[in-house]
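*Asks:* Just dropping this structure here.
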Amino acid sequence: MPVDKNLALSGVIGDPIAHSKSPIIHNFWLRKNNLNCFYVPIKVSKGELEKKIICLKELGFSGVNVTIPHKVDAFNLANEVTEEAKRVGAANTLYFENNLIIGDNTDSFGFKHSILRNFPFYNFKKEKVLIFGAGGASRAVLSTCLKEKAKEIRLINRNKQKAQKLKEKFSESLIIFDWEDFSSALNGATTIINTTSLGNLGCDTFPFDLKGINKNAKGIDLVYNPIQTSFMKKAKRENIKCINGLDMLIYQAIPGFKRWFNKKPVYSKELLELLVKSLEKS
Ligand code: ATR
């Protein structure tokens with residue numbers, strides 16, 4: 001069904017979905033751009049994905065964001081996938097166009113732009129990057145670091161086998177460390193990135209002390225709830241600048257909004273504050 005971009009529909013599908021921050025972001029941009037369009041959260045349980053996607057397509061949706069637990073299934077369901085989705089092996093954004101489902105992954109875009117916003121002179125080529133975690137989020141971060149030709153990429157994960165698999169998939173140049181050998185991994189690193197769920201509300205806190213870290217190192221946590229994460233607190237103790245995952249959350253939403261609603265949204269402090277307020281309330 002051809003979609004009038006002025007009346008476009010989109011949303012986010014997942015389970016659970018009530019706490020998703022995506023509706024706040026997209027509805028903020030819709031208001032700012034005076035667009036008479038809608039973005040809604042839709043609960044879709046595991047096993048229902050295909051049926052619901054077809055239904056949304058039929059209803060005239062322009063596409064959707066995809067969150068837990070559907071990112072890999074959405075990638076497999078898509079008729080076409082972008083290069084980035086292929087690299088990550090998961091889709092967090094779908095476009096319904098010309099009767100096709102196109103799968104994209106915008107986490108790498110979000111990650112890169114959140115770094116550039118917070119560290120304006122950041123140059124991947126000069127950085128020795130240490131990544132904690134080997135799950136879905138780690139793949140997007142790895143993909144960016146490789147594309148931007150980081151000087152060195154180190155990977156450390158509780159389950160070392162998962163890190164080894166990423167090395168096989170992405171690049172022989174990755175240096176894998178044992179979880180117990182954290183201090184060797186940290187030694188000389190100039191960027192440290194937490195892609196694990198450690199520090200998320202309801203999860204264990206980030207366990208390592210960052211003592212001995214390079215004094216000019218930069219910290220990036222993908223966790224944003226709570227706003228002051230345990231990883232950030234550890235970094236603060238060592239006087240390291242460290243950001244949470246809120247800016248990445250905002251930036252990863254840009255490509256979908258642009259393509260569904262035909263308008264390029266802009267990052268704004270007002271939106272960031274809105275998200276912070278909603279997290280403080282929850
Ligand atoms: P996401 O898509 O958000 O990356 P994921 O694919 O489930 O989620 O990955 C979760 C990451 O957090 C993994 O790297 C996981 O480590 P394991 O591969 O060893 O499971 C990491 N993680 C979760 N809980 C952890 C904990 N208590 N200690 C250490 N690492 C943990």
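How things are named: the first chain in the structure tokens is A, the next is B, and so on; residues count from 1 in each chain; ligands count from 1 in the order shown.
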Neighbouring residues of ligand 1 are defined here as those with any atom at most 7 Å from a ligand atom, counting only C-alpha atoms and all ligand atoms; list them as a ChimeraX atom specification.

*Replies:* /A:132-138,157-159,162,195-198,204

*Asks:* Could the residues in this selection be saved with N, CA and C atoms as a short mmCIF file (atom, residue, chain, number, x, y, z; two decimals), in the first residue's frame?

*Replies:*
data_model
loop_
_atom_site.label_atom_id
_atom_site.label_comp_id
_atom_site.auth_asym_id
_atom_site.auth_seq_id
_atom_site.Cartn_x
_atom_site.Cartn_y
_atom_site.Cartn_z
N PHE A 132 34.22 -4.39 26.43
CA PHE A 132 33.69 -5.40 27.36
C PHE A 132 32.41 -5.95 26.77
N GLY A 133 32.34 -7.27 26.60
CA GLY A 133 31.10 -7.88 26.13
C GLY A 133 31.22 -8.41 24.72
N ALA A 134 30.45 -9.46 24.41
CA ALA A 134 30.49 -10.07 23.08
C ALA A 134 29.09 -10.43 22.60
N GLY A 135 28.09 -9.66 23.02
CA GLY A 135 26.71 -9.90 22.59
C GLY A 135 26.36 -9.04 21.39
N GLY A 136 25.06 -8.78 21.22
CA GLY A 136 24.59 -8.02 20.06
C GLY A 136 25.14 -6.61 20.02
N ALA A 137 25.15 -5.93 21.15
CA ALA A 137 25.62 -4.54 21.19
C ALA A 137 27.11 -4.48 20.86
N SER A 138 27.84 -5.48 21.32
CA SER A 138 29.27 -5.52 21.06
C SER A 138 29.55 -5.60 19.56
N ASN A 157 35.34 -10.85 27.43
CA ASN A 157 33.97 -11.30 27.73
C ASN A 157 34.03 -12.42 28.75
N ARG A 158 33.02 -12.48 29.61
CA ARG A 158 32.96 -13.55 30.62
C ARG A 158 33.08 -14.91 29.92
N ASN A 159 32.29 -15.09 28.87
CA ASN A 159 32.36 -16.32 28.09
C ASN A 159 33.34 -16.08 26.93
N LYS A 162 32.61 -16.88 23.15
CA LYS A 162 31.80 -15.93 22.36
C LYS A 162 32.69 -14.84 21.76
N THR A 195 29.80 -2.86 26.73
CA THR A 195 28.61 -3.25 25.94
C THR A 195 27.84 -4.36 26.66
N THR A 196 28.29 -4.73 27.86
CA THR A 196 27.57 -5.79 28.60
C THR A 196 26.34 -5.16 29.27
N SER A 197 25.53 -6.03 29.85
CA SER A 197 24.36 -5.50 30.57
C SER A 197 24.72 -5.16 32.01
N LEU A 198 26.00 -5.31 32.38
CA LEU A 198 26.43 -5.01 33.75
C LEU A 198 26.20 -3.53 34.05
N ASP A 204 23.73 -7.02 37.85
CA ASP A 204 24.92 -6.79 38.69
C ASP A 204 25.63 -5.52 38.23
#

*Asks:* Write out as a VMD selection string the residues lying within 8 Å of Glu152 in chain A, counting only C-alpha atoms and excluding same-chain residues fewer than 4 positions away.

*Replies:* chain A and resid 127 to 129 173 to 174

*Asks:* Excluding Gly219 in chain A and any residue of its chain fewer than 4 positions from it, enumerate the residues within 9 Å of it, using only C-alpha atoms, and give them as a PyMOL selection string.

*Replies:* chain A and resi 190-194+231-232+235+240-244

*Asks:* Using only C-alpha atoms, what table do you get, as a tab-separated table, when you list each residue of range 200-274 of chain A with an atom no more than 9 Å from range 21-24 of chain A, its nearest pair of atoms, and their distance in Å rounded to one decimal, rows by chain then rising number?

*Replies:*
residue	atom	partner	partner_atom	distance
A:Leu249	CA	A:Ser22	CA	8.2
A:Ile250	CA	A:Ser22	CA	8.4
A:Ala253	CA	A:Ser22	CA	7.5
A:Leu271	CA	A:Ile24	CA	8.4
A:Leu274	CA	A:Ile24	CA	7.9

*Asks:* Using DSSP on the backbone, list every residue of range 105-234 of chain A that comes out as strand (DSSP E), and give them as number ranges by chain.

*Replies:* A: 128-132, 152-156, 175-177, 191-194, 218-221

*Asks:* Give me, as a PyMOL selection string, all polymer residues having an atom no more than 12 Å from range 13-19 of chain A, counting only C-alpha atoms and skipping those fewer than 3 positions away in the same chain.

*Replies:* chain A and resi 10+22-24+39-50+52-53+56+63-71+73-74+91-94+225+275+278-279+281-282

*Asks:* Please determine, counting only C-alpha atoms, which residue among A:Leu59, A:Val266, A:Val276, A:Ala185 has the shortest atom-to-atom distance to Gln228 in chain A.

*Replies:*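 Closest candidate: A:Val276.
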
*Asks:* Applying 7 Å and only C-alpha atoms, which residues near Phe75 in chain A remain after dropping the ones on its own chain fewer than 3 positions away? List them as number ranges by chain.

*Replies:* A: 71-72, 78, 89-91, 103
